[in-house]
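Heads up, the thing below is written out as structure tokens.
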Amino acid sequence: MSLDILNTVKVWLNQQYIDCLGVTISESDNTDEKQPRWVIRNSDGRDNAMLLDYEIGNMLNIHVVNNKDDLHLAIDSDIQNGLEWVTKLQPKYGLEKHEYDENGVWQVGMLWLVSSDLSESWKEYIAELRSESGFTEEMSLDVLFYENQDSLVNTLNKFSLPSLLFNTRKLYRLESDKIPQWLTANDAVMSMLENFPERFSDPEVSTRAKRVVDDARNYELGGVTDEFPNEVKTISSLKIYNCRNLTSCELNLLTEKPIGYAKPHVIFGPNGTGKSTLFEALSFSISGTSSRHIKYLEDPDIKKGSDYISQVLAPLDGGNPKIILNDIESLLDAIPYEKTEAESRLRKADGNLLGQEDSINFVRKNSNELGVQILSGYSSLAEYVRNLVELEYEQSNSKRQNWLRGYGLSSNITRQETRLQKLVEYVINENLPQASKNLSEWIKKSSQFFSTDFEKGRTLNNELETHDSKTQRDRLVNNIASFAITNNNNIQILLNEWLESRNNIYIRVNEYIEDISPLVDDLRESLPLIEDELDQWGGWLTRRETQDLDEEPSNEYINALTENIEKLRKESEELITAGKSIRRHYDHIEYIRNDFIPTWANEKPNECPTCSTDHEDNGGIVSVVDKLHAAVQSDLDNKRQELNNKNKELKEAEQELSSFGQCPISEDRRISLGEKLHGLVGDTTLQSILIDEEKRVELKSDLRNLASKPESLHIVDNIDDISSKLASTILNLNAEGERVWSEPDKWKEINVALREESQRIVEQHLPSTLEAVWLELVLSLTSARWNIAGMPKFEASTSRGREKLTVKAGNENKKILARYLYNQAEQHILGLAWFFTRYLTDGRFRNALIALDDPAQEMDQTTFRTFSRFISSFIRLHNNNKTDLSLILFLHQEDRALDMARATNAPLHVLSWEQNLGGDKKDKSALKQYHLLGDGFKPTAPILD
């Protein structure tokens, strides 16, 4: 039974090695082979297996546990066997060449295959052992719970074996020119687009979708990364002078091995010795900026343009900072002064440099920030197509809005029915405008003022207001709109009926206006005199109550002044009468001159149409009429001037009479004005109106309005033709509106479908690429993955052309944001795993460098030892593939610095307090290098009995 289970695992592992790494598992005992090796062993009567992975130096011991009775005994035996191998594989002194492994220390791992019914028992016992012993710090532990042999493969596919780093190594094998294609989902998007038009039932939508696909086929596919440099920059040394508290510091990263090999370096120093400054100097030398520099640029308390180097990086006691990388001085005077530029530079180094807060901030970023960091450009083709469709939508929607505004319709209209009603309303109002409300008011007041048939005027006014009211027009519009939807010819019938009724009322209104035109003309001519009289009378009424006369004139003088006023008023009225006569003559000549003579002169240019006199000697009939017109115009102007002069004299005489406390308007005239204006003032006395200046102004305004004869209303001559034309216009505009109206909706449907498909592709693409590597790294850095509170997962979405992403965790029933479920240490692991993902997809093609500032800050001891084993495997991966890498770990705890240096056989660089250097500090480096193991110590190779 156990052998069958183990064989199932071996078959699965072999397929993983083939798919991911292009190798097969060997069962040969030839230790020179670098293929992964599978060995079946028997311990204490139990079959178990051992997998030797030479590339990452992982000895994975695989044990089957399916018997509850001997579960504790079996686990104890397995752990004891594993610890024995840990001891055997420690670096030793004096090993023969075949006994040591030049690529680094081997790690021991334990994998239990446990029957599901024993899962809780296994967890409880492992938890008990971990609390009593520190054995878990020495080797990695993993477990797979399975129900039966058939379900084991599904369990392996679901949880995999993260410590073997299959996805990580598959990605690591890709060259820089393959990375963009691996990251992008362009192939999946193109495959989706091939059948994309077929998903739409509307042929017009499908046609537009085909246009999109045709454009996509011509699109030049691109990647999602910035262009990589031609060569990877290797880091051999870093020298720092006058940077904060570091007067002189030199970090030597050269190894004794040829270029192409990897080496870890551990840097330790007490707080305040300059570890953060050393990390920042490395950041400046790699990217030309630092995270602290960016915070400085965005600090509102810092003056814009302030020099970071001289103000912050330079020592307090003076000195010019200098940073030299690989014997080449970094140009600190060329650092950016704009935050966006600094962020752009540092982003290109986020796969090489990990600051203290970067890992914990990863999971705390919002969905927009993570979307930019992880999903930005996940598919240049999808982005191109989405932009294309959104542009089509925006253009068609803009065209729709412009079309609406072109017909005076609100661009906020969203319903088709509302659009049609407003369109009909526009056509009716534009071609058959509503009669002015002022006309209705004019009819009502004119019938009162001119003492015409009051009832007739009121009835006519009511008919006009009723027929041409907004309510009636809205009723007509709604009826027409209901027919227009069905394209019914009844529109013309409705318009005919409405126009006939409208014509009938308009004709009677025009007749009414014409009937009282003479009265209006008389009022217009006498209006200046009436207004002056009203002002004189009203002014006198106002002054009478407060006027104090020093000396009253004689009665004879007042009588003479009164007689003169009456004489002037009579002469003024005579001038008005004479002016009316001249005006009628002028209007007649104006009509003859403009409407009759031009046609007459074409046939009889010299003959007078009245008396048949020949005017050839006078320049023809046109010239004679023009001269007569000018003469009458002159007479009219002279009369007006005489009237103005006479009114001026009258006004002065009235003012003089008023100054003596006498009303400047005679009693007879006051009675006449009261009778004349009765229709406007009603039962109110004219005198009470005139004493109130506001009411007097209002009364004069009413008189001026009455004296201005309104234009005649337009009568539709050919109702059938106009109705037919308007009906056609409404139907044509409705059809045009339907085309313009529906176009954005068609593109919107395509846009929604694209977003859905893009979402589906992201959900399928991420788990097999970035998320697969990231999750594998998360689990390989986790010391007890079976205790994780829900597996972390990327959840991506696309909204308004913007990619969003969140990190969530939980189970099938509930998922929440990981930053609210995981503790600080677990969040730190998520960010640390993302950093290594960025290194594999970007950083390693720019700089042969990984620099981690205090990566162990949130780790307990067990997790730290897990991290140490990961670093050892990661370095070994590079060594086996002869890839150069300087991996620098800045650790703030001495015991962990020593632990990491021993676990990875790394040189330990210790920062000292500057006051302890003695002598001339400029000639001494604050950084000292130590090797914990002597040259004779070599990593032991696994040799099986």
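Every chain in the structure tokens takes a letter, A first, then B, and so on in the order presented; its residues are numbered from 1, and the ligands are numbered from 1 following the presented order.
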
Close residues, A:Leu246 itself excluded, 8 Å, only C-alpha atoms, min 6 positions apart in chain, as a short mmCIF file (atom, residue, chain, number, x, y, z; two decimals) with N, CA and C atoms, in the first residue's frame:
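Generated output (selection.cif):
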data_model
loop_
_atom_site.label_atom_id
_atom_site.label_comp_id
_atom_site.auth_asym_id
_atom_site.auth_seq_id
_atom_site.Cartn_x
_atom_site.Cartn_y
_atom_site.Cartn_z
N ILE A 240 31.77 54.21 0.16
CA ILE A 240 30.95 55.34 0.62
C ILE A 240 31.81 56.29 1.45
N THR A 273 24.79 52.43 13.59
CA THR A 273 26.11 52.32 12.96
C THR A 273 26.08 52.62 11.46
N GLY A 274 24.89 52.66 10.86
CA GLY A 274 24.82 53.08 9.47
C GLY A 274 24.33 52.04 8.48
N THR A 277 21.95 53.66 6.11
CA THR A 277 22.68 54.56 5.21
C THR A 277 23.41 53.78 4.13
N GLU A 914 31.98 54.63 14.55
CA GLU A 914 33.10 55.39 13.99
C GLU A 914 34.09 55.81 15.08
N ALA A 926 34.52 51.52 7.98
CA ALA A 926 33.68 51.17 9.13
C ALA A 926 33.15 49.75 9.03
#

Nearest candidate to A:Ala903 (options A:Glu120, A:Glu132, A:Glu280, A:Glu138; using only C-alpha atoms)
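Between A:Glu120, A:Glu132, A:Glu280, A:Glu138, the residue approaching A:Ala903 most closely is A:Glu138.
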
Could you find all residues in stretch 760-825 of chain A that DSSP calls strand (DSSP E) from the backbone, and write them as a list in words?
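Of stretch 760-825 of chain A, only Lys793, Phe794, Glu795, Ala796, Ser797, Thr798, Ser799, Arg802, Glu803, Lys804, Leu805, Thr806, Val807, Lys808, Ala809, Gly810, Lys815, Ile816 and Leu817 of chain A fall in strand (DSSP E).
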
Output of the above residues as a short mmCIF file (atom, residue, chain, number, x, y, z; two decimals), in the first residue's frame, restricted to N, CA and C atoms:
data_model
loop_
_atom_site.label_atom_id
_atom_site.label_comp_id
_atom_site.auth_asym_id
_atom_site.auth_seq_id
_atom_site.Cartn_x
_atom_site.Cartn_y
_atom_site.Cartn_z
N LYS A 793 -4.58 34.56 -2.32
CA LYS A 793 -4.90 34.50 -3.75
C LYS A 793 -5.02 35.91 -4.31
N PHE A 794 -4.60 36.07 -5.58
CA PHE A 794 -4.81 37.33 -6.29
C PHE A 794 -6.24 37.35 -6.82
N GLU A 795 -6.92 38.45 -6.63
CA GLU A 795 -8.23 38.65 -7.26
C GLU A 795 -8.15 39.91 -8.11
N ALA A 796 -8.23 39.71 -9.42
CA ALA A 796 -8.05 40.82 -10.36
C ALA A 796 -9.38 41.21 -10.99
N SER A 797 -9.46 42.46 -11.39
CA SER A 797 -10.64 42.96 -12.09
C SER A 797 -10.21 44.13 -12.97
N THR A 798 -11.06 44.45 -13.95
CA THR A 798 -10.81 45.59 -14.83
C THR A 798 -12.01 46.50 -14.79
N SER A 799 -11.78 47.77 -14.45
CA SER A 799 -12.88 48.73 -14.34
C SER A 799 -12.48 50.03 -15.00
N ARG A 802 -9.06 50.37 -16.18
CA ARG A 802 -8.00 50.32 -15.18
C ARG A 802 -7.99 48.95 -14.51
N GLU A 803 -6.79 48.34 -14.47
CA GLU A 803 -6.66 47.04 -13.82
C GLU A 803 -6.58 47.23 -12.31
N LYS A 804 -7.35 46.41 -11.60
CA LYS A 804 -7.31 46.44 -10.15
C LYS A 804 -6.99 45.04 -9.63
N LEU A 805 -6.33 44.99 -8.47
CA LEU A 805 -5.98 43.69 -7.90
C LEU A 805 -5.97 43.79 -6.38
N THR A 806 -6.50 42.76 -5.75
CA THR A 806 -6.43 42.66 -4.30
C THR A 806 -5.84 41.31 -3.93
N VAL A 807 -5.24 41.24 -2.74
CA VAL A 807 -4.75 39.97 -2.20
C VAL A 807 -5.74 39.55 -1.13
N LYS A 808 -6.41 38.43 -1.37
CA LYS A 808 -7.42 37.95 -0.43
C LYS A 808 -7.05 36.55 0.07
N ALA A 809 -7.68 36.17 1.15
CA ALA A 809 -7.45 34.84 1.71
C ALA A 809 -8.73 34.39 2.40
N GLY A 810 -8.87 33.08 2.54
CA GLY A 810 -10.05 32.53 3.18
C GLY A 810 -10.35 31.15 2.63
N LYS A 815 -13.96 35.01 1.67
CA LYS A 815 -12.62 35.52 1.41
C LYS A 815 -12.59 37.00 1.80
N ILE A 816 -11.55 37.38 2.51
CA ILE A 816 -11.40 38.77 2.91
C ILE A 816 -10.00 39.24 2.54
N LEU A 817 -9.78 40.55 2.60
CA LEU A 817 -8.47 41.09 2.29
C LEU A 817 -7.44 40.51 3.25
#

Excluding same-chain residues fewer than 5 positions from A:Ala789, what lies within 10 Å of it counting only C-alpha atoms, as a list in words?
Ala809, Gly810, Asn811, Ala818, Leu821, Tyr822 and Glu826 of chain A

Contacts of A:Thr87 at 12 Å or less, counting only C-alpha atoms, minus same-chain residues fewer than 6 places along, as a ChimeraX atom specification?
/A:80-81,105-108,135,138-139,939-942
